[in-house]
file target_8.cif (mmCIF, C-alpha atoms)
data_protein
loop_
_atom_site.label_atom_id
_atom_site.label_comp_id
_atom_site.auth_asym_id
_atom_site.auth_seq_id
_atom_site.Cartn_x
_atom_site.Cartn_y
_atom_site.Cartn_z
CA MET N 14 -5.14 85.65 111.58
CA PRO N 15 -1.90 85.49 113.67
CA TRP N 16 0.78 83.17 112.34
CA THR N 17 3.89 81.64 113.87
CA CYS N 18 7.24 81.72 112.12
CA ALA N 19 9.55 78.77 111.85
CA CYS N 20 11.69 80.31 114.60
CA GLY N 21 8.73 80.08 116.99
CA HIS N 22 7.98 83.81 117.15
CA GLY N 23 4.33 84.78 116.81
CA ASN N 24 3.29 87.53 114.44
CA ASP N 25 0.07 89.31 113.66
CA ASP N 26 -1.95 88.53 110.57
CA GLU N 27 -0.97 91.66 108.70
CA SER N 28 2.78 91.07 109.10
CA ARG N 29 4.36 89.56 105.99
CA PHE N 30 7.76 89.04 107.65
CA CYS N 31 8.69 87.64 111.07
CA ASN N 32 9.36 90.39 113.55
CA GLU N 33 12.04 88.25 115.18
CA CYS N 34 14.02 86.61 112.37
CA GLY N 35 12.67 88.44 109.30
CA ALA N 36 11.56 85.19 107.55
CA PRO N 37 8.68 85.68 105.07
CA LYS N 38 5.22 84.48 105.88
CA ALA N 39 4.63 81.02 104.45
CA GLU N 40 1.71 80.81 101.96
CA ALA N 41 -0.84 78.18 102.83
CA GLU N 42 -1.12 75.38 100.21
CA GLN N 43 -4.45 75.55 98.44
CA PRO N 44 -6.09 72.16 97.97
CA ALA N 45 -6.69 71.09 94.36
CA PRO N 46 -10.25 71.64 93.27
CA PRO N 47 -12.18 68.39 93.01
CA GLU N 48 -12.88 67.01 89.53
CA PRO N 49 -16.44 67.56 88.50
CA GLU N 50 -18.55 64.44 88.56
CA VAL N 51 -19.83 63.35 85.20
CA GLU N 52 -23.15 61.69 84.95
CA PHE N 53 -23.21 58.92 82.30
CA GLY N 54 -26.55 58.84 80.69
CA GLN N 55 -27.95 58.20 77.23
CA ASP N 56 -27.23 61.76 76.17
CA SER N 57 -23.91 62.23 77.96
CA LEU N 58 -21.54 59.45 76.83
CA PRO N 59 -17.81 59.98 77.24
CA VAL N 60 -16.16 61.08 74.06
CA PRO N 61 -13.27 58.80 73.13
CA PRO N 62 -9.97 60.40 72.29
CA ALA N 63 -9.41 61.28 68.67
CA ASN N 64 -8.01 58.62 66.32
CA VAL N 65 -8.96 55.80 68.71
CA PRO N 66 -11.24 53.24 66.97
CA HIS N 67 -14.46 52.30 68.65
CA PRO N 68 -14.41 48.77 70.07
CA GLY N 69 -15.53 46.28 67.40
CA GLU N 70 -14.66 48.67 64.55
CA ALA N 71 -11.54 48.43 62.46
CA ALA N 72 -9.31 51.44 62.48
CA GLN N 73 -9.53 53.48 59.32
CA ALA N 74 -6.32 53.13 57.40
CA GLY N 75 -4.87 56.48 56.68
CA PRO N 76 -2.06 57.44 54.36
CA PRO N 77 1.34 56.15 55.46
CA ALA N 78 3.57 58.52 57.34
CA PRO N 79 6.36 60.12 55.32
CA GLY N 80 9.35 57.75 55.16
CA ALA N 81 7.39 54.77 56.45
CA PRO N 82 7.93 51.44 54.57
CA PRO N 83 5.14 50.43 52.18
CA PRO N 84 2.58 47.97 53.53
CA PRO N 85 3.21 44.28 52.62
CA PRO N 86 1.24 42.94 49.63
CA PRO N 87 -1.86 40.87 50.47
CA LYS N 88 -1.26 37.14 50.73
CA LYS N 89 -2.63 34.94 47.92
CA SER N 90 -5.44 32.66 48.80
CA LYS N 91 -4.39 29.04 49.39
CA ALA N 92 -7.52 27.89 47.63
CA LEU N 93 -6.57 29.84 44.48
CA ILE N 94 -3.08 28.34 44.52
CA ILE N 95 -4.51 24.82 44.87
CA ILE N 96 -6.89 25.43 41.95
CA LEU N 97 -4.03 26.67 39.77
CA VAL N 98 -1.91 23.63 40.66
CA VAL N 99 -4.78 21.27 39.83
CA VAL N 100 -5.36 22.99 36.48
CA VAL N 101 -1.66 22.85 35.56
CA VAL N 102 -1.37 19.20 36.57
CA GLY N 103 -4.52 18.40 34.59
CA LEU N 104 -3.17 20.10 31.47
CA LEU N 105 0.17 18.34 31.79
CA GLY N 106 -1.59 14.99 32.30
CA THR N 107 -3.72 15.55 29.20
CA CYS N 108 -0.64 16.36 27.12
CA VAL N 109 1.21 13.30 28.38
CA LEU N 110 -1.77 11.05 27.70
CA GLY N 111 -2.08 12.51 24.21
CA ILE N 112 1.57 11.80 23.45
CA VAL N 113 1.36 8.28 24.85
CA ALA N 114 -1.81 7.59 22.86
CA ALA N 115 -0.23 8.96 19.66
CA ILE N 116 2.63 6.49 20.07
CA ALA N 117 0.86 3.50 21.59
CA ILE N 118 -2.24 3.27 19.39
CA PRO N 119 -0.42 2.97 16.03
CA ASN N 120 2.02 0.48 17.53
CA PHE N 121 -0.88 -1.58 18.88
CA ILE N 122 -2.59 -1.61 15.48
CA MET N 123 0.60 -2.67 13.71
CA ALA N 124 1.23 -5.43 16.24
CA LYS N 125 -2.32 -6.67 15.78
CA GLU N 126 -1.96 -6.73 11.99
CA LYS N 127 1.33 -8.61 12.21
CA ALA N 128 -0.25 -11.23 14.48
CA LYS N 129 -3.06 -11.72 11.96
CA GLN N 130 -0.53 -12.04 9.15
CA ALA N 131 1.46 -14.68 11.07
CA ARG N 132 -1.74 -16.63 11.70
CA ALA N 133 -2.63 -16.48 7.99
CA VAL N 134 0.78 -17.90 7.07
CA ASN N 135 0.24 -20.84 9.44
CA GLU N 136 -3.28 -21.56 8.18
CA VAL N 137 -2.26 -21.42 4.50
CA ARG N 138 0.54 -23.89 5.26
CA ALA N 139 -1.85 -26.19 7.16
CA ILE N 140 -4.30 -26.29 4.22
CA GLY N 141 -1.51 -26.92 1.70
CA GLU N 142 -0.01 -29.74 3.76
CA ALA N 143 -3.45 -31.37 4.08
CA VAL N 144 -3.79 -31.27 0.27
CA GLN N 145 -0.34 -32.88 -0.02
CA ARG N 146 -1.38 -35.72 2.28
CA TYR N 147 -4.52 -36.25 0.23
CA GLN N 148 -2.41 -36.24 -2.96
CA ALA N 149 -0.01 -38.78 -1.48
CA ASP N 150 -2.90 -41.16 -0.68
CA ASN N 151 -4.93 -40.66 -3.86
CA GLY N 152 -2.33 -39.85 -6.53
CA SER N 153 -3.91 -36.51 -7.37
CA CYS N 154 -5.07 -33.26 -5.75
CA PRO N 155 -8.70 -32.80 -4.72
CA ASP N 156 -10.70 -31.97 -7.85
CA THR N 157 -12.97 -28.96 -7.34
CA GLY N 158 -13.78 -28.37 -11.00
CA HIS N 159 -11.95 -26.75 -13.90
CA GLU N 160 -12.32 -23.47 -15.69
CA GLU N 161 -11.58 -23.69 -19.39
CA GLY N 162 -8.38 -21.93 -20.38
CA ALA N 163 -7.17 -21.36 -16.80
CA TYR N 164 -4.08 -23.05 -15.46
CA TYR N 165 -5.55 -23.03 -11.94
CA SER N 166 -9.28 -23.08 -11.45
CA ILE N 167 -9.66 -20.93 -8.32
CA VAL N 168 -12.48 -21.69 -5.86
CA ASP N 169 -13.36 -21.01 -2.24
CA VAL N 170 -11.29 -23.29 0.01
CA SER N 171 -14.50 -24.48 1.67
CA LYS N 172 -14.92 -26.73 -1.42
CA LEU N 173 -12.22 -28.96 0.13
CA GLU N 174 -14.26 -29.69 3.28
CA GLU N 175 -15.53 -33.07 2.12
CA ALA N 176 -12.18 -34.25 0.74
CA LEU N 177 -9.93 -33.22 3.63
CA VAL N 178 -11.92 -33.22 6.90
CA PRO N 179 -11.31 -34.97 9.25
CA LYS N 180 -8.80 -37.41 7.77
CA TYR N 181 -6.22 -34.90 6.55
CA ILE N 182 -7.05 -31.90 8.69
CA ALA N 183 -9.19 -31.71 11.84
CA VAL N 184 -10.67 -28.27 11.13
CA LEU N 185 -10.45 -26.54 7.77
CA PRO N 186 -9.79 -22.78 8.15
CA ALA N 187 -12.42 -21.36 5.81
CA LYS N 188 -11.61 -17.65 6.29
CA ASP N 189 -8.44 -15.72 6.98
CA PRO N 190 -7.96 -13.47 10.05
CA TRP N 191 -9.39 -10.53 8.07
CA ASN N 192 -12.60 -12.51 7.43
CA THR N 193 -11.95 -13.20 3.72
CA ALA N 194 -12.20 -16.75 2.35
CA TYR N 195 -8.99 -18.57 1.48
CA SER N 196 -8.71 -19.65 -2.15
CA TYR N 197 -7.76 -23.04 -3.58
CA GLY N 198 -6.79 -23.79 -7.18
CA VAL N 199 -6.07 -27.03 -9.00
CA SER N 200 -4.52 -27.61 -12.41
CA GLU N 201 -6.47 -29.27 -15.21
CA ASP N 202 -4.60 -32.59 -14.71
CA ASP N 203 -5.08 -32.42 -10.88
CA ALA N 204 -1.31 -32.68 -10.46
CA SER N 205 -0.63 -29.16 -9.12
CA PHE N 206 -2.42 -27.00 -6.57
CA ILE N 207 -2.23 -23.58 -5.01
CA VAL N 208 -3.58 -22.03 -1.75
CA ILE N 209 -3.93 -18.23 -1.54
CA CYS N 210 -4.65 -15.62 1.16
CA ASN N 211 -5.55 -12.22 -0.32
CA GLY N 212 -3.96 -10.22 2.49
CA SER N 213 -5.38 -7.65 4.89
CA ASP N 214 -7.45 -5.78 2.30
CA GLY N 215 -9.17 -8.95 1.04
CA VAL N 216 -8.58 -7.95 -2.57
CA SER N 217 -6.60 -10.07 -5.03
CA SER N 218 -3.99 -8.03 -6.91
CA LEU N 219 -2.11 -11.09 -8.15
CA GLU N 220 -1.22 -10.80 -11.83
CA ARG N 221 0.94 -13.89 -12.06
CA ILE N 222 2.38 -16.54 -9.78
CA PRO N 223 6.08 -15.93 -9.02
CA GLU N 224 8.40 -18.44 -10.65
CA GLU N 225 10.90 -18.04 -7.80
CA PRO N 226 9.97 -17.54 -4.11
CA VAL N 227 9.60 -13.88 -3.15
CA THR N 228 9.01 -12.06 0.12
CA THR N 229 6.69 -9.14 0.81
CA ALA N 230 6.63 -6.20 3.22
CA CYS N 231 2.98 -5.12 2.97
CA PHE N 232 0.02 -6.45 4.96
CA GLU N 233 -2.10 -6.22 1.81
CA ASP N 234 0.09 -8.59 -0.26
CA GLU N 235 -1.03 -12.14 -1.04
CA ILE N 236 0.36 -15.18 0.74
CA ILE N 237 0.79 -18.05 -1.75
CA PHE N 238 1.53 -21.74 -1.10
CA GLU N 239 2.12 -23.86 -4.23
CA ASN N 240 2.86 -27.57 -4.44
CA GLY N 241 4.36 -27.90 -0.98
CA ASP N 242 6.15 -24.57 -0.49
CA PHE N 243 5.57 -20.82 -0.23
CA VAL N 244 6.24 -18.90 -3.43
CA GLN N 245 5.19 -15.61 -1.83
CA LYS N 246 5.09 -14.74 1.86
CA PRO N 247 5.84 -11.86 4.27
CA GLU N 248 9.23 -11.49 5.85
CA GLY N 249 10.85 -8.87 8.09
CA GLN N 250 9.30 -5.50 8.96
CA GLN N 251 5.75 -5.12 7.67
CA LYS N 252 3.68 -2.01 6.98
CA LYS N 253 0.40 -0.80 5.54
CA CYS N 254 0.98 0.09 1.92
CA LYS N 255 -2.57 1.10 0.99
CA LYS N 256 -4.63 3.81 2.66
#

call {"tool": "encode", "arguments": {"input": "target_8.cif", "output": "structure tokens"}}
result
Amino acid sequence: MPWTCACGHGNDDESRFCNECGAPKAEAEQPAPPEPEVEFGQDSLPVPPANVPHPGEAAQAGPPAPGAPPPPPPKKSKALIIILVVVVVGLLGTCVLGIVAAIAIPNFIMAKEKAKQARAVNEVRAIGEAVQRYQADNGSCPDTGHEEGAYYSIVDVSKLEEALVPKYIAVLPAKDPWNTAYSYGVSEDDASFIVICNGSDGVSSLERIPEEPVTTACFEDEIIFENGDFVQKPEGQQKKCKK
């Protein structure tokens, strides 16, 4: 079809150059073809680009790119850390309690034994002083019988109940703090007496009465009061000497 050049000169359709100015025939711009319409149905879903995870799905981890830093290590569970802390604290607490018990229990036992020993000393003295008061009033010690050939005839201190209570002592201690009976002995002429506690083990190991006052350091040793004074009694640090 005829075409008009930019200079305004008309030319026939077959001419490729303007007959007036020689300008080439301008090519008509072709419109871009329309994009084909895609019908979205059950069998024609759009295909997502490669390497793009489907919504709701985690992307598959691939190997790291060359030169990329290594991924950070997974974080430890807080619950696991708390459990470990509780276990460690529990173990430490058990160890501490064990050490405290190992120190405190023996000390408690020793303190308890020493308190019993101090009480025994006081009760032996109280019985002896009651006998002295009786002797001062009657001119002789309470007579509880005599064993032939023995300097002191040893009997259970309960034999003094009738002679001493309540005039010379309000309550007569019959047994020591270790639940063994106190012993009383009187000489054949009723002029001398002795009061004995057998110690924590309750067993008499006395071979002879000391001529001079002595002190002891064992809970098992006897406590002896003779004629108004102790001839054997504990003093200072005490300990268990028998297993």

call {"tool": "resolve_selection", "arguments": {"input": "target_8.cif", "expression": "the PyMOL selection byres ((chain N and resi 126) around 12)", "output": "ChimeraX atom specification"}}
result
/N:119-125,127-133,190-191,212-214,231-233,250-253

call {"tool": "atom_distance", "arguments": {"input": "target_8.cif", "atom1": "CA of Glu201 (chain N)", "atom2": "CA of Gly162 (chain N)"}}
result
9.2 Å

call {"tool": "resolve_selection", "arguments": {"input": "target_8.cif", "expression": "the PyMOL selection byres ((chain N and resi 144) around 8)", "output": "PyMOL selection string"}}
result
chain N and resi 140-143+145-148+154-155+177+181

call {"tool": "residues_around", "arguments": {"input": "target_8.cif", "residues": "Tyr197 (chain N)", "least_positions_apart": "3", "cutoff": "10 Å", "atoms": "only C-alpha atoms", "output": "PDB file with C-alpha atoms, in the coordinates of the input"}}
result
ATOM      1  CA  VAL N 137      -2.260 -21.420   4.500  1.00  0.00           C
ATOM      2  CA  ILE N 140      -4.300 -26.290   4.220  1.00  0.00           C
ATOM      3  CA  GLY N 141      -1.510 -26.920   1.700  1.00  0.00           C
ATOM      4  CA  VAL N 144      -3.790 -31.270   0.270  1.00  0.00           C
ATOM      5  CA  PRO N 155      -8.700 -32.800  -4.720  1.00  0.00           C
ATOM      6  CA  THR N 157     -12.970 -28.960  -7.340  1.00  0.00           C
ATOM      7  CA  TYR N 165      -5.550 -23.030 -11.940  1.00  0.00           C
ATOM      8  CA  SER N 166      -9.280 -23.080 -11.450  1.00  0.00           C
ATOM      9  CA  ILE N 167      -9.660 -20.930  -8.320  1.00  0.00           C
ATOM     10  CA  VAL N 168     -12.480 -21.690  -5.860  1.00  0.00           C
ATOM     11  CA  ASP N 169     -13.360 -21.010  -2.240  1.00  0.00           C
ATOM     12  CA  VAL N 170     -11.290 -23.290   0.010  1.00  0.00           C
ATOM     13  CA  SER N 171     -14.500 -24.480   1.670  1.00  0.00           C
ATOM     14  CA  LYS N 172     -14.920 -26.730  -1.420  1.00  0.00           C
ATOM     15  CA  LEU N 173     -12.220 -28.960   0.130  1.00  0.00           C
ATOM     16  CA  ALA N 194     -12.200 -16.750   2.350  1.00  0.00           C
ATOM     17  CA  PHE N 206      -2.420 -27.000  -6.570  1.00  0.00           C
ATOM     18  CA  ILE N 207      -2.230 -23.580  -5.010  1.00  0.00           C
ATOM     19  CA  VAL N 208      -3.580 -22.030  -1.750  1.00  0.00           C
ATOM     20  CA  ILE N 209      -3.930 -18.230  -1.540  1.00  0.00           C
ATOM     21  CA  CYS N 210      -4.650 -15.620   1.160  1.00  0.00           C
ATOM     22  CA  PHE N 238       1.530 -21.740  -1.100  1.00  0.00           C
ATOM     23  CA  GLU N 239       2.120 -23.860  -4.230  1.00  0.00           C
TER      24      GLU N 239
END

call {"tool": "residues_around", "arguments": {"input": "target_8.cif", "residues": "Ala139 (chain N)", "least_positions_apart": "5", "cutoff": "9 Å", "atoms": "only C-alpha atoms", "output": "VMD selection string"}}
result
chain N and resid 134 144 182 185 to 186

call {"tool": "closest_residue", "arguments": {"input": "target_8.cif", "among": "N:Val184, N:Ala39, N:Ala176, N:Val99", "to": "Thr17 (chain N)", "atoms": "all atoms listed in the file"}}
result
N:Ala39

call {"tool": "residues_around", "arguments": {"input": "target_8.cif", "residues": "Thr229 (chain N)", "least_positions_apart": "4", "cutoff": "9 Å", "atoms": "all atoms listed in the file", "output": "VMD selection string"}}
result
chain N and resid 234 to 236 245 to 249 251

call {"tool": "atom_distance", "arguments": {"input": "target_8.cif", "atom1": "CA of Ser196 (chain N)", "atom2": "CA of Glu136 (chain N)"}}
result
11.8 Å

call {"tool": "atom_distance", "arguments": {"input": "target_8.cif", "atom1": "CA of Val244 (chain N)", "atom2": "CA of Val227 (chain N)"}}
result
6.0 Å

call {"tool": "residues_around", "arguments": {"input": "target_8.cif", "residues": "Cys18 (chain N)", "least_positions_apart": "6", "cutoff": "9 Å", "atoms": "all atoms listed in the file", "output": "VMD selection string"}}
result
chain N and resid 24 30 to 31 33 to 34 36 to 39

call {"tool": "resolve_selection", "arguments": {"input": "target_8.cif", "expression": "the PyMOL selection byres ((chain N and resi 26) around 9)", "output": "PyMOL selection string"}}
result
chain N and resi 14-16+24-25+27-29
